[in-house]
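Just below is one structure, and these are the notes that go with it.
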Amino acid sequence: MAPLGGAPRLVLLFSGKRKSGKDFVTEALQSRLGADVCAILRLSGPLKEQYAQEHGLNFQRLLDASTYKEAYRRDMIRWGEEKRQADPGFFCRKIVEGVSQPVWLVSDTRRVSDIQWFQETYGAMTQTIRVVALEQSRQQRGWVFTPGVDDAESECGLDNFGGFDWVIENHGDEQRLEEQLENLIEFIHSRL
């Protein structure tokens, strides 16, 4: 299948538990590579936008880490699952529309179907990256186990995926994280 949107040179699919640091890592990479080279794409963006439209909610407030978003999280997850069951590539197609940078960082890959869509669409340009953090580190960042959220597919769908191309450990050791980011940046430069 021909790539949609622009023609990326590299598509990095980031996954990890809530408060593992996926956004932190992708933003750190973008700040080092530059927004002209690297785009951060969020699958949750079009999901939240469509959900807000259909339910008369404030889209901007669903984007932040607020109690507003948390109040709707369970229903938003259920709604998103229904959309994906009807069309597994629905949200993936939406986020790549009009993207022109050569490097794409998909910051919130959560399901095997997301990975499959990108791999089928962009093939060898696709790399999978798992961001991991100890539960203690995640708790220090504000994570609290929430039934119906932390045990749902949106959080657990890739737990047994295995075979990630990269694993980034983000347990709070800044020097170790920096070394891992440098290795990843070196790889990215080799593909440009």
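Naming works like this for the structure tokens: A, B, ... for the chains as they're shown, residue 1 at the start of each chain, ligands 1 onward in shown order.
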- Task: Just the residues within 8 Å of Cys156 of chain A, please, counting only C-alpha atoms, with nothing from its chain fewer than 5 positions along; format it as number ranges by chain.
- Result: A: 17, 110, 150-151
Write a file of the selected residues as a PDB file, in the first residue's frame, keeping N, CA and C atoms.
ATOM      1  N   LYS A  17       3.258   2.236  29.336  1.00  0.00           N
ATOM      2  CA  LYS A  17       2.178   2.458  30.302  1.00  0.00           C
ATOM      3  C   LYS A  17       2.002   3.950  30.575  1.00  0.00           C
ATOM      4  N   ARG A 110      -0.842   2.009  21.144  1.00  0.00           N
ATOM      5  CA  ARG A 110      -1.385   1.245  22.261  1.00  0.00           C
ATOM      6  C   ARG A 110      -1.849  -0.158  21.913  1.00  0.00           C
ATOM      7  N   ASP A 150      -6.269   1.059  33.668  1.00  0.00           N
ATOM      8  CA  ASP A 150      -4.943   0.447  33.664  1.00  0.00           C
ATOM      9  C   ASP A 150      -4.958  -1.050  33.383  1.00  0.00           C
ATOM     10  N   ASP A 151      -6.130  -1.654  33.394  1.00  0.00           N
ATOM     11  CA  ASP A 151      -6.238  -3.070  33.039  1.00  0.00           C
ATOM     12  C   ASP A 151      -7.005  -3.265  31.726  1.00  0.00           C
TER      13      ASP A 151
END
For segment 116-128 of chain A: contacts at 12 Å, only C-alpha atoms, fewer than 6 positions along chain excluded, given as a PDB file with N, CA and C atoms, in the first residue's frame:
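Printed below is part-v2.pdb as written:
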ATOM      1  N   MET A   1       0.853  -1.188   0.000  1.00  0.00           N
ATOM      2  CA  MET A   1       0.000   0.000   0.000  1.00  0.00           C
ATOM      3  C   MET A   1       0.888   1.236   0.000  1.00  0.00           C
ATOM      4  N   ALA A   2       0.574   2.211  -0.783  1.00  0.00           N
ATOM      5  CA  ALA A   2       1.352   3.450  -0.854  1.00  0.00           C
ATOM      6  C   ALA A   2       1.187   4.252   0.428  1.00  0.00           C
ATOM      7  N   PRO A   3       2.276   4.870   0.905  1.00  0.00           N
ATOM      8  CA  PRO A   3       2.181   5.679   2.118  1.00  0.00           C
ATOM      9  C   PRO A   3       1.176   6.817   1.953  1.00  0.00           C
ATOM     10  N   LEU A   4       0.516   7.130   3.037  1.00  0.00           N
ATOM     11  CA  LEU A   4      -0.443   8.232   3.065  1.00  0.00           C
ATOM     12  C   LEU A   4       0.266   9.471   3.589  1.00  0.00           C
ATOM     13  N   GLY A   5      -0.317  10.629   3.403  1.00  0.00           N
ATOM     14  CA  GLY A   5       0.303  11.867   3.879  1.00  0.00           C
ATOM     15  C   GLY A   5       1.594  12.093   3.112  1.00  0.00           C
ATOM     16  N   GLY A   6       2.601  12.651   3.771  1.00  0.00           N
ATOM     17  CA  GLY A   6       3.913  12.802   3.164  1.00  0.00           C
ATOM     18  C   GLY A   6       4.580  11.443   3.092  1.00  0.00           C
ATOM     19  N   ALA A   7       5.782  11.393   2.574  1.00  0.00           N
ATOM     20  CA  ALA A   7       6.520  10.138   2.501  1.00  0.00           C
ATOM     21  C   ALA A   7       7.600  10.148   3.567  1.00  0.00           C
ATOM     22  N   PRO A   8       7.361   9.528   4.713  1.00  0.00           N
ATOM     23  CA  PRO A   8       8.356   9.549   5.786  1.00  0.00           C
ATOM     24  C   PRO A   8       9.566   8.694   5.456  1.00  0.00           C
ATOM     25  N   ARG A   9      10.691   9.038   6.050  1.00  0.00           N
ATOM     26  CA  ARG A   9      11.887   8.204   5.943  1.00  0.00           C
ATOM     27  C   ARG A   9      11.929   7.212   7.099  1.00  0.00           C
ATOM     28  N   LEU A  10      11.264   7.593   8.209  1.00  0.00           N
ATOM     29  CA  LEU A  10      11.289   6.759   9.406  1.00  0.00           C
ATOM     30  C   LEU A  10      10.034   7.025  10.228  1.00  0.00           C
ATOM     31  N   VAL A  11       9.386   5.949  10.678  1.00  0.00           N
ATOM     32  CA  VAL A  11       8.197   6.044  11.518  1.00  0.00           C
ATOM     33  C   VAL A  11       8.502   5.287  12.804  1.00  0.00           C
ATOM     34  N   LEU A  12       8.591   6.007  13.918  1.00  0.00           N
ATOM     35  CA  LEU A  12       8.891   5.400  15.213  1.00  0.00           C
ATOM     36  C   LEU A  12       7.614   5.326  16.028  1.00  0.00           C
ATOM     37  N   LEU A  13       7.230   4.104  16.411  1.00  0.00           N
ATOM     38  CA  LEU A  13       5.994   3.868  17.155  1.00  0.00           C
ATOM     39  C   LEU A  13       6.324   3.660  18.625  1.00  0.00           C
ATOM     40  N   PHE A  14       5.981   4.634  19.463  1.00  0.00           N
ATOM     41  CA  PHE A  14       6.265   4.578  20.890  1.00  0.00           C
ATOM     42  C   PHE A  14       5.074   4.015  21.649  1.00  0.00           C
ATOM     43  N   SER A  15       5.352   3.111  22.575  1.00  0.00           N
ATOM     44  CA  SER A  15       4.307   2.575  23.444  1.00  0.00           C
ATOM     45  C   SER A  15       4.854   2.509  24.862  1.00  0.00           C
ATOM     46  N   GLY A  16       3.948   2.379  25.811  1.00  0.00           N
ATOM     47  CA  GLY A  16       4.329   2.267  27.215  1.00  0.00           C
ATOM     48  C   GLY A  16       3.128   2.566  28.087  1.00  0.00           C
ATOM     49  N   LEU A  43      -2.055   9.450  18.374  1.00  0.00           N
ATOM     50  CA  LEU A  43      -3.281   8.747  18.012  1.00  0.00           C
ATOM     51  C   LEU A  43      -4.451   9.205  18.861  1.00  0.00           C
ATOM     52  N   ARG A  84     -12.417   1.474  16.492  1.00  0.00           N
ATOM     53  CA  ARG A  84     -11.335   0.622  15.974  1.00  0.00           C
ATOM     54  C   ARG A  84     -11.862  -0.726  15.488  1.00  0.00           C
ATOM     55  N   ASP A  87     -13.176  -0.100  12.144  1.00  0.00           N
ATOM     56  CA  ASP A  87     -12.137   0.283  11.180  1.00  0.00           C
ATOM     57  C   ASP A  87     -10.810   0.424  11.936  1.00  0.00           C
ATOM     58  N   PRO A  88      -9.968  -0.636  11.969  1.00  0.00           N
ATOM     59  CA  PRO A  88      -8.718  -0.604  12.747  1.00  0.00           C
ATOM     60  C   PRO A  88      -7.766   0.540  12.386  1.00  0.00           C
ATOM     61  N   GLY A  89      -7.808   1.046  11.168  1.00  0.00           N
ATOM     62  CA  GLY A  89      -6.899   2.117  10.763  1.00  0.00           C
ATOM     63  C   GLY A  89      -7.483   3.512  10.863  1.00  0.00           C
ATOM     64  N   PHE A  90      -8.681   3.646  11.419  1.00  0.00           N
ATOM     65  CA  PHE A  90      -9.392   4.928  11.458  1.00  0.00           C
ATOM     66  C   PHE A  90      -8.529   6.060  12.028  1.00  0.00           C
ATOM     67  N   PHE A  91      -7.985   5.889  13.235  1.00  0.00           N
ATOM     68  CA  PHE A  91      -7.219   6.954  13.887  1.00  0.00           C
ATOM     69  C   PHE A  91      -5.823   7.072  13.283  1.00  0.00           C
ATOM     70  N   CYS A  92      -5.248   5.960  12.837  1.00  0.00           N
ATOM     71  CA  CYS A  92      -3.918   5.994  12.219  1.00  0.00           C
ATOM     72  C   CYS A  92      -3.938   6.859  10.957  1.00  0.00           C
ATOM     73  N   ARG A  93      -4.935   6.653  10.110  1.00  0.00           N
ATOM     74  CA  ARG A  93      -5.033   7.447   8.877  1.00  0.00           C
ATOM     75  C   ARG A  93      -5.185   8.927   9.188  1.00  0.00           C
ATOM     76  N   ILE A  95      -4.034  10.727  11.706  1.00  0.00           N
ATOM     77  CA  ILE A  95      -2.862  11.457  12.205  1.00  0.00           C
ATOM     78  C   ILE A  95      -1.779  11.673  11.161  1.00  0.00           C
ATOM     79  N   VAL A  96      -1.775  10.914  10.070  1.00  0.00           N
ATOM     80  CA  VAL A  96      -0.715  11.084   9.077  1.00  0.00           C
ATOM     81  C   VAL A  96      -1.088  12.068   7.972  1.00  0.00           C
ATOM     82  N   PRO A 102      10.297  14.249   7.594  1.00  0.00           N
ATOM     83  CA  PRO A 102      10.790  12.911   7.254  1.00  0.00           C
ATOM     84  C   PRO A 102      10.750  11.900   8.408  1.00  0.00           C
ATOM     85  N   VAL A 103      10.719  12.373   9.650  1.00  0.00           N
ATOM     86  CA  VAL A 103      10.689  11.474  10.809  1.00  0.00           C
ATOM     87  C   VAL A 103       9.387  11.682  11.560  1.00  0.00           C
ATOM     88  N   TRP A 104       8.669  10.582  11.766  1.00  0.00           N
ATOM     89  CA  TRP A 104       7.402  10.620  12.496  1.00  0.00           C
ATOM     90  C   TRP A 104       7.551   9.872  13.805  1.00  0.00           C
ATOM     91  N   LEU A 105       7.185  10.527  14.894  1.00  0.00           N
ATOM     92  CA  LEU A 105       7.189   9.904  16.214  1.00  0.00           C
ATOM     93  C   LEU A 105       5.730   9.740  16.643  1.00  0.00           C
ATOM     94  N   VAL A 106       5.216   8.534  16.597  1.00  0.00           N
ATOM     95  CA  VAL A 106       3.853   8.271  17.046  1.00  0.00           C
ATOM     96  C   VAL A 106       3.970   7.989  18.545  1.00  0.00           C
ATOM     97  N   SER A 107       3.538   8.965  19.350  1.00  0.00           N
ATOM     98  CA  SER A 107       3.863   8.956  20.780  1.00  0.00           C
ATOM     99  C   SER A 107       2.999   8.050  21.636  1.00  0.00           C
ATOM    100  N   ASP A 108       1.918   7.521  21.093  1.00  0.00           N
ATOM    101  CA  ASP A 108       0.986   6.769  21.942  1.00  0.00           C
ATOM    102  C   ASP A 108       0.393   5.552  21.241  1.00  0.00           C
ATOM    103  N   THR A 109       1.266   4.717  20.710  1.00  0.00           N
ATOM    104  CA  THR A 109       0.827   3.467  20.100  1.00  0.00           C
ATOM    105  C   THR A 109       0.375   2.554  21.234  1.00  0.00           C
ATOM    106  N   ARG A 110      -0.842   2.009  21.144  1.00  0.00           N
ATOM    107  CA  ARG A 110      -1.385   1.245  22.261  1.00  0.00           C
ATOM    108  C   ARG A 110      -1.849  -0.158  21.913  1.00  0.00           C
ATOM    109  N   LEU A 158      -0.256  -4.055  24.407  1.00  0.00           N
ATOM    110  CA  LEU A 158       1.074  -4.394  23.894  1.00  0.00           C
ATOM    111  C   LEU A 158       1.980  -5.026  24.955  1.00  0.00           C
ATOM    112  N   PHE A 161       3.487  -8.055  23.471  1.00  0.00           N
ATOM    113  CA  PHE A 161       3.860  -7.907  22.063  1.00  0.00           C
ATOM    114  C   PHE A 161       5.246  -8.498  21.826  1.00  0.00           C
ATOM    115  N   GLY A 162       6.196  -8.141  22.694  1.00  0.00           N
ATOM    116  CA  GLY A 162       7.560  -8.649  22.526  1.00  0.00           C
ATOM    117  C   GLY A 162       8.167  -8.171  21.224  1.00  0.00           C
ATOM    118  N   GLY A 163       9.426  -8.394  21.059  1.00  0.00           N
ATOM    119  CA  GLY A 163      10.076  -8.065  19.812  1.00  0.00           C
ATOM    120  C   GLY A 163      10.113  -6.600  19.453  1.00  0.00           C
ATOM    121  N   PHE A 164      10.088  -5.711  20.453  1.00  0.00           N
ATOM    122  CA  PHE A 164      10.225  -4.289  20.152  1.00  0.00           C
ATOM    123  C   PHE A 164      11.618  -4.053  19.586  1.00  0.00           C
ATOM    124  N   ASP A 165      11.721  -3.146  18.641  1.00  0.00           N
ATOM    125  CA  ASP A 165      13.025  -2.823  18.058  1.00  0.00           C
ATOM    126  C   ASP A 165      13.918  -2.107  19.069  1.00  0.00           C
ATOM    127  N   TRP A 166      13.300  -1.327  19.944  1.00  0.00           N
ATOM    128  CA  TRP A 166      14.024  -0.557  20.956  1.00  0.00           C
ATOM    129  C   TRP A 166      13.250  -0.618  22.260  1.00  0.00           C
ATOM    130  N   VAL A 167      13.967  -0.616  23.377  1.00  0.00           N
ATOM    131  CA  VAL A 167      13.351  -0.454  24.696  1.00  0.00           C
ATOM    132  C   VAL A 167      14.093   0.683  25.384  1.00  0.00           C
ATOM    133  N   ILE A 168      13.351   1.705  25.778  1.00  0.00           N
ATOM    134  CA  ILE A 168      13.914   2.859  26.488  1.00  0.00           C
ATOM    135  C   ILE A 168      13.526   2.730  27.956  1.00  0.00           C
ATOM    136  N   LEU A 184      19.456   6.290  19.996  1.00  0.00           N
ATOM    137  CA  LEU A 184      18.309   6.373  19.100  1.00  0.00           C
ATOM    138  C   LEU A 184      18.491   7.499  18.088  1.00  0.00           C
ATOM    139  N   PHE A 187      20.791   6.415  15.391  1.00  0.00           N
ATOM    140  CA  PHE A 187      20.077   5.554  14.446  1.00  0.00           C
ATOM    141  C   PHE A 187      19.214   6.392  13.502  1.00  0.00           C
ATOM    142  N   ILE A 188      18.485   7.363  14.054  1.00  0.00           N
ATOM    143  CA  ILE A 188      17.614   8.219  13.228  1.00  0.00           C
ATOM    144  C   ILE A 188      18.437   8.921  12.159  1.00  0.00           C
ATOM    145  N   ARG A 191      19.284   7.000   9.114  1.00  0.00           N
ATOM    146  CA  ARG A 191      18.183   6.725   8.181  1.00  0.00           C
ATOM    147  C   ARG A 191      17.774   7.960   7.376  1.00  0.00           C
ATOM    148  N   LEU A 192      18.341   9.102   7.694  1.00  0.00           N
ATOM    149  CA  LEU A 192      17.960  10.334   6.966  1.00  0.00           C
ATOM    150  C   LEU A 192      18.829  10.536   5.718  1.00  0.00           C
TER     151      LEU A 192
END
- Write out as a PyMOL selection string which residues come within 9 Å of segment 49-64 of chain A when counting only C-alpha atoms, dropping same-chain ones fewer than 6 positions away. chain A and resi 70+72-73+76+79-80
So that I have them on file, write out the residues from the current selection with N, CA and C atoms, as a short mmCIF file (atom, residue, chain, number, x, y, z; two decimals), in the first residue's frame.
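The resulting file, selection.cif, is shown below:
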data_model
loop_
_atom_site.label_atom_id
_atom_site.label_comp_id
_atom_site.auth_asym_id
_atom_site.auth_seq_id
_atom_site.Cartn_x
_atom_site.Cartn_y
_atom_site.Cartn_z
N GLU A 70 -9.81 12.70 32.91
CA GLU A 70 -9.95 11.44 33.66
C GLU A 70 -11.42 11.09 33.89
N TYR A 72 -13.77 11.34 31.84
CA TYR A 72 -14.32 10.75 30.61
C TYR A 72 -13.49 9.60 30.07
N ARG A 73 -12.34 9.31 30.69
CA ARG A 73 -11.39 8.35 30.14
C ARG A 73 -12.03 6.99 29.84
N MET A 76 -14.37 7.16 26.94
CA MET A 76 -13.61 7.48 25.74
C MET A 76 -12.90 6.22 25.23
N TRP A 79 -15.56 3.98 23.63
CA TRP A 79 -15.96 4.56 22.36
C TRP A 79 -14.87 4.34 21.29
N GLY A 80 -13.60 4.57 21.69
CA GLY A 80 -12.48 4.38 20.76
C GLY A 80 -12.37 2.93 20.31
#
- Query: Taking the backbone alone, and naming residues the way the document does, which bits of chain A are helix (DSSP H, G or I) by DSSP, as a VMD selection string?
  - Reply: chain A and resid 22 to 33 44 to 55 59 to 63 67 to 86 90 to 96 112 to 125 135 to 140 153 to 156 174 to 191
- Message: Please identify the strand (DSSP E or B) residues within chain A (assignment by DSSP from backbone atoms) and present them as number ranges by chain.
- Response: A: 10-15, 38-41, 103-106, 126-132, 166-169
- Hey, which of A:Gln175, A:Lys48, A:Arg18, A:Gly34 ends up closest to Lys69 of chain A? Count only C-alpha atoms. A:Lys48
- Arg138 of chain A environment, 10 Å, only C-alpha atoms, sequence neighbours closer than 2 positions dropped, as a ChimeraX atom specification: /A:17-21,132-136,140-144,170-172
